[in-house]
Amino acid sequence: MFESLGVWVVRRRRAVLVVAAGAVAVALLWGTQVVGHLTSGGFEDPASESARARTLAAERFGRLEADVVVLYRSDTTTVADVGFRRAVETHLAGVPRDRVAEVLTYWSTGAESLVSNDRRETVAVVRLDAHGEDTEAAFADVRDHLAAPAAGVSVSLGGHAGVVHDVNEQVERDIARAELLTLPVTLVLLVVIFGGLVAASLPLVIGVLAVLGALTLLRLLTVVTDVSVFSVNIVTMLGLGLSIDYALFIVSRFREEIRGGSDVGPALRTTMATAGRTVAFSGLTVAVSLASLLLFPQVFLRSMGLGGIAAVLVAMLAALTVLPALLAVIGRRVDRLRLPGGRRRDGRHRVAGAGAWHRIAHAVMRRPLLVVAALVPVLLLLGSPFLHARFGSEDYRVLPREAESHDVGDRLRHHFPGLDAEPVDVLVRTSGAGASTRLPELDAYARTLAALPGVEAADLGPADGDTARIVVRHAFDAQAEGAQDLVREIRASAPPAGTTVLVGGRTAELVDLLDSLARVVPRMLLVMAAVTLVLLFLAFGSVVLPIKAVLINALSLSASFGAVVWIFQDGNLSEALGVASTGSLDATQPLLMLALAFGLSMDYEVFLLSRIREQWDRGAGNAESVAAGLDHTGRIITSAALLLVVVIGGFSTSGIAFLKMIGIGMMIAIVVDATVVRLLLVPATMRLLGGANWWAPAPLAAFWRRYGFRETGTTPAAPDVGTPAPLPTPHPSPWAPPVGAAGRWAGDGA
């Protein structure tokens with residue numbers, strides 16, 4: 001299949017490159033405009049009780065959120081000074097009234113909560129005349145007026161609309177900075193890895209093509225569904241990182257075949273049948289892992305899943321079509337423009353079994369039980385902080401401290417006691433008569449709520465038709481366990497007969513988010529594991545290796561999850577990283593990190609096991625197959641991991657806290673995976689399992705021999721698990737295992 005694809009691409013290489021050039025033109029003109037079509041938010045379950053409460057409240061009582069908070073400060077006067085008042089009211093008078101529904105100030109309401117402790121600061125609460133996502137457009141219309149200087153006082157903008165605006169600007173800056181940082185460094189590393197400029201430029205070309213293609217697909221998705229603005233970061237990071245990885249695999253194998261004496265055509269056919277097959281299975285595995293995010297109802301997670309799948313599939317498609325077409329055109333000139341003194345690191349000059357990776361593999365396999373017994377507790381220890389993980393939701397603190405809306409949020413939290421308190425919103429709907437006719441019953445219900453632990457007041461507001469609103473004020477932080485327990489107690493309280501109750505507010509949204517995620521996570525894990533097991537079985541014909549791969553990858557991921565809790569929740573290194581620890585993790589981010597990191601860890605698993613299986617099919621024993629496979633792939637996996645860390649590291653400089661967390665967590669996962677797992681755990685566990693690595697029940701083994709996808713063109717005989725497999729006569733290939741290698745270890749063939 002993949003060999004045929006290679007033949008097809010070689011024959012139509014010019015047509016493939018013309019189509020790719022056209023796609024790039026479309027992407028530059030249309031796809032790169034995607035940011036303006038993305039949405040903010042999307043962290044809630046649209047069908048949850050709190051979401052329905054928000055919708056009902058907006059219909060009956062108008063939008064209750066403070067869209068914009070304008071903070072005024074004077075260093076010389078207080079709010080009692082008439083000049084302070086005049087400056088604020090004059091400043092607000094210039095705001096376009098057709099975009100503003102209401103403006104509340106200290107002087108118009110007399111609310112002391114709108115004045116700071118030192119009385120030198122006050123806020124104006126602006127509610128915009130907007131609906132849904134039109135809030136952003138309304139804010140754009142009034143922002144210049146609200147941000148304009150005021151006489152004698154400083155002006156800062158915050159609130160929900162201010163945070164959304166700052167987040168959108170931060171995302172655009174982050175992407176530009178990440179590309180500026182990563183592309184030059186990546187090019188330099190590729191030149192060092194390949195030893196020449198021509199070969200090094202190919203992965204970067206495919207990377208840029210993949211990013212542009214993924215952004216275009218993302219733009220198409222915005223036509224049919226809401227897509228989160230944060231998906232651009234993931235799309236760019238994955239598109240660039242994976243395409244460079246895939247191109248590295250393919251170009252390295254092509255150079256190996258060329259230097260082994262093959263002509264360009266046969267070299268490309270072999271490359272596609274081996275490295276191309278590996279790239280396809282790797283891409284499908286990563287895409288399936290990300291597809292598990294589509295099970296969640298939250299727009300944010302679904303957007304990340306859709307964007308990630310788009311990035312992976314475009315990277316895979318570009319690596320399997322455009323890259324072979326380029327190699328067919330370039331041919332043996334792939335080694336042109338070499339560095340002075342550059343050495344050929346892959347080819348016939350290598351002596352089989354003489355590489356450092358080969359020696360390391362055998363050193364590990366001498367004492368496999370000791371290696372496993374030492375590493376497993378270490379990984380579990382590194383993951384132990386995740387046992388005390390606390391989950392919350394995002395707020396203004398996702399932005400860097402220097403962001404204007406972050407500064408306003410901090411000032412409200414510390415200087416305006418009670419203003420940042422977020423009450424529980426209880427909406428009571430009556431059946432039959434209007435709510436105003438049942439005020440005594442509703443008032444009694446409000447007194448019942450007021451008697452709950454932690455409640456400071458439960459105020460019954462005016463009714464509208466069949467709906468009344470009770471505002472429950474409490475002493476808890478909105479994300480604290482006490483506030484969450486209060487929401488659950490309110491929902492458990494019996495409402496008046498003939499009424500239904502919807503409980504909303506920020507705390508209720510968090511409770512519903514956690515409940516929603518808890519319902520879907522088991523299905524997510526099941527889908528990820530099941531499809532991964534199937535794909536790896538089709539790739540390697542074993543039921544043992546897929547199960548082992550899933551277990552080891554889960555173990556290695558524990559280290560990165562422990563690290564993000566230690567850093568971002570517990571606050572260690574938070575100052576150095578420039579993030580504000582909130583004492584919790586956003587509940588959606590570990591799931592996103594799980595899907596990304598699990599898929600990427602399988603990337604290297606597939607690449608390594610493919611070369612091991614190739615040696616096994618040629619007749620090498622278990623230990624020699626593992627050593628030779630690691631010898632072939634060790635340097636490439638290390639190089640690919642380094643390049644991916646550089647790409648992700650560039651995006652880890654994001655000013656958005658949870659994007660930084662995902663980036664750092666993934667960097668740790670990749671480093672652990674490419675070193676501890678691939679270098680130590682995989683050889684040790686494969687040595688312990690012996691020939692059982694390749695075992696499958698007889699019906700499945702027969703199915704795979706007939707329909708499975710293998711790198712070699714021959715159909716291997718089913719291995720005898722109890723008998724050492726004899727090595728064939730030495731192959732002319734430079735990678736053939738030496739005669740007698742299988743006898744180095746007792747039971748090698750097993």
# chains A, B, ... in the order shown; residues from 1 in each chain; ligands from 1
$ residues_around --residues "Leu642 of chain A" --least-positions-apart "6" --cutoff "12 Å" --atoms "only C-alpha atoms" --output "ChimeraX atom specification"
/A:182,185-186,189-190,193,241,244-245,248,635-636,648-649,667-668,670-675
$ residues_around --residues "segment 147-161 of chain A" --least-positions-apart "2" --cutoff "8 Å" --atoms "only C-alpha atoms" --output "PyMOL selection string"
chain A and resi 66-75+84+87-88+91+135-136+139+143-145+163-165+404-406+408-409
$ residues_around --residues "Lys660 of chain A" --least-positions-apart "4" --cutoff "10 Å" --atoms "only C-alpha atoms" --output "compact mmCIF listing (two decimals) with N, CA and C atoms, in the first residue's frame"
# COMPACT_ATOMS: atom_id res chain seq x y z
N VAL A 398 -5.35 33.89 33.86
CA VAL A 398 -4.70 33.19 32.74
C VAL A 398 -3.77 34.13 31.99
N PHE A 568 2.22 24.59 38.74
CA PHE A 568 1.13 25.53 38.46
C PHE A 568 0.06 25.54 39.54
N LEU A 577 8.62 31.43 36.11
CA LEU A 577 7.90 31.21 34.87
C LEU A 577 6.92 32.33 34.55
N GLY A 578 6.74 33.25 35.49
CA GLY A 578 5.85 34.38 35.24
C GLY A 578 4.39 34.03 35.23
N VAL A 579 3.97 33.06 36.06
CA VAL A 579 2.56 32.69 36.12
C VAL A 579 2.04 32.92 37.53
N ILE A 648 7.76 23.15 20.85
CA ILE A 648 6.82 23.32 21.96
C ILE A 648 7.35 24.36 22.94
N GLY A 649 8.68 24.39 23.12
CA GLY A 649 9.27 25.38 24.02
C GLY A 649 8.98 26.80 23.56
N GLY A 650 8.98 27.01 22.24
CA GLY A 650 8.65 28.33 21.73
C GLY A 650 7.24 28.73 22.09
N PHE A 651 6.31 27.79 22.01
CA PHE A 651 4.93 28.08 22.35
C PHE A 651 4.70 28.07 23.86
N SER A 652 5.65 27.50 24.60
CA SER A 652 5.53 27.54 26.06
C SER A 652 5.84 28.92 26.62
N THR A 653 6.35 29.80 25.77
CA THR A 653 6.57 31.18 26.20
C THR A 653 5.27 31.99 26.18
N SER A 654 4.17 31.33 25.85
CA SER A 654 2.86 32.02 25.80
C SER A 654 2.58 32.75 27.11
N GLY A 655 1.94 33.89 26.98
CA GLY A 655 1.52 34.62 28.17
C GLY A 655 0.26 34.07 28.78
N ILE A 656 -0.42 33.13 28.09
CA ILE A 656 -1.63 32.50 28.61
C ILE A 656 -1.20 31.37 29.53
N ILE A 664 4.78 23.21 28.93
CA ILE A 664 5.80 22.69 29.85
C ILE A 664 5.52 21.23 30.18
N GLY A 665 4.26 20.89 30.41
CA GLY A 665 3.91 19.50 30.68
C GLY A 665 4.28 18.59 29.53
N MET A 666 4.02 19.03 28.30
CA MET A 666 4.36 18.22 27.13
C MET A 666 5.86 18.11 26.93
$ residues_around --residues "segment 448-459 of chain A" --least-positions-apart "2" --cutoff "6 Å" --atoms "only C-alpha atoms" --output "ChimeraX atom specification"
/A:445-446,470-475
$ closest_atom_pairs --of "segment 208-326 of chain A" --to "segment 11-14 of chain A" --cutoff "10 Å" --atoms "only C-alpha atoms" --output "CSV"
residue,atom,partner,partner_atom,distance
A:Gly265,CA,A:Arg11,CA,9.4
A:Thr321,CA,A:Arg13,CA,8.5
A:Val322,CA,A:Arg13,CA,7.9
A:Leu323,CA,A:Arg13,CA,9.6
A:Pro324,CA,A:Arg13,CA,7.9
A:Ala325,CA,A:Arg13,CA,4.5
A:Leu326,CA,A:Arg13,CA,7.3
$ write_last_selection --atoms "N, CA, C and O atoms" --output "mmCIF file, in the first residue's frame"
data_model
loop_
_atom_site.group_PDB
_atom_site.id
_atom_site.type_symbol
_atom_site.label_atom_id
_atom_site.label_comp_id
_atom_site.auth_asym_id
_atom_site.auth_seq_id
_atom_site.Cartn_x
_atom_site.Cartn_y
_atom_site.Cartn_z
ATOM 1 N N GLY A 265 14.258 6.114 -7.412
ATOM 2 C CA GLY A 265 12.937 5.492 -7.418
ATOM 3 C C GLY A 265 12.808 4.362 -6.409
ATOM 4 O O GLY A 265 11.911 4.379 -5.554
ATOM 5 N N THR A 321 3.101 12.886 0.794
ATOM 6 C CA THR A 321 2.896 13.245 -0.614
ATOM 7 C C THR A 321 3.879 14.317 -1.081
ATOM 8 O O THR A 321 4.695 14.076 -1.968
ATOM 9 N N VAL A 322 3.821 15.484 -0.460
ATOM 10 C CA VAL A 322 4.666 16.591 -0.909
ATOM 11 C C VAL A 322 6.145 16.281 -0.679
ATOM 12 O O VAL A 322 6.992 16.531 -1.549
ATOM 13 N N LEU A 323 6.472 15.716 0.473
ATOM 14 C CA LEU A 323 7.880 15.428 0.760
ATOM 15 C C LEU A 323 8.465 14.388 -0.197
ATOM 16 O O LEU A 323 9.558 14.606 -0.745
ATOM 17 N N PRO A 324 7.793 13.246 -0.449
ATOM 18 C CA PRO A 324 8.344 12.325 -1.451
ATOM 19 C C PRO A 324 8.468 12.960 -2.837
ATOM 20 O O PRO A 324 9.415 12.653 -3.577
ATOM 21 N N ALA A 325 7.519 13.839 -3.188
ATOM 22 C CA ALA A 325 7.620 14.522 -4.483
ATOM 23 C C ALA A 325 8.867 15.405 -4.529
ATOM 24 O O ALA A 325 9.583 15.434 -5.542
ATOM 25 N N LEU A 326 9.133 16.121 -3.451
ATOM 26 C CA LEU A 326 10.350 16.936 -3.389
ATOM 27 C C LEU A 326 11.597 16.065 -3.464
ATOM 28 O O LEU A 326 12.570 16.400 -4.162
#
$ residues_around --residues "Val103 of chain A" --least-positions-apart "2" --cutoff "8 Å" --atoms "only C-alpha atoms" --output "list in words"
Val100, Ala101, Thr105, Ala124, Val125, Val126 and Arg127 of chain A
$ select_by_dssp --residues "segment 52-141 of chain A" --states "helix (DSSP H, G or I)" --output "PyMOL selection string"
chain A and resi 52-61+82-93+97-99+106-109+112-114+134-141
$ closest_residue --among "A:Phe416, A:Tyr246, A:Trp357, A:Phe296" --to "Val520 of chain A" --atoms "only C-alpha atoms"
A:Phe296
$ residues_around --residues "Ala21 of chain A" --least-positions-apart "6" --cutoff "12 Å" --atoms "only C-alpha atoms" --output "MDAnalysis selection string"
chainID A and resid 14:15 27:28 205:206 209 212:213 318 322
$ closest_residue --among "A:Pro400, A:Gly36, A:Gly31, A:Gly434" --to "Val167 of chain A" --atoms "only C-alpha atoms"
A:Pro400
$ select_by_dssp --residues "segment 150-213 of chain A" --states "strand (DSSP E)" --output "PyMOL selection string"
chain A and resi 154-158
$ write_last_selection --atoms "N, CA and C atoms" --output "PDB file, in the first residue's frame"
ATOM      1  N   SER A 154      -6.196  58.116  36.559  1.00  0.00           N
ATOM      2  CA  SER A 154      -5.755  57.073  35.635  1.00  0.00           C
ATOM      3  C   SER A 154      -6.931  56.161  35.314  1.00  0.00           C
ATOM      4  N   VAL A 155      -6.895  55.549  34.135  1.00  0.00           N
ATOM      5  CA  VAL A 155      -7.992  54.705  33.662  1.00  0.00           C
ATOM      6  C   VAL A 155      -7.439  53.342  33.250  1.00  0.00           C
ATOM      7  N   SER A 156      -8.071  52.266  33.736  1.00  0.00           N
ATOM      8  CA  SER A 156      -7.709  50.905  33.337  1.00  0.00           C
ATOM      9  C   SER A 156      -8.987  50.125  33.075  1.00  0.00           C
ATOM     10  N   LEU A 157      -8.926  49.212  32.095  1.00  0.00           N
ATOM     11  CA  LEU A 157     -10.099  48.435  31.712  1.00  0.00           C
ATOM     12  C   LEU A 157      -9.939  46.969  32.099  1.00  0.00           C
ATOM     13  N   GLY A 158     -11.006  46.405  32.671  1.00  0.00           N
ATOM     14  CA  GLY A 158     -11.033  44.990  33.020  1.00  0.00           C
ATOM     15  C   GLY A 158     -12.409  44.428  32.777  1.00  0.00           C
TER      16      GLY A 158
END
$ residues_around --residues "segment 44-56 of chain A" --least-positions-apart "4" --cutoff "7 Å" --atoms "only C-alpha atoms" --output "ChimeraX atom specification"
/A:60,297-298,427,502-505,508-509,512-513
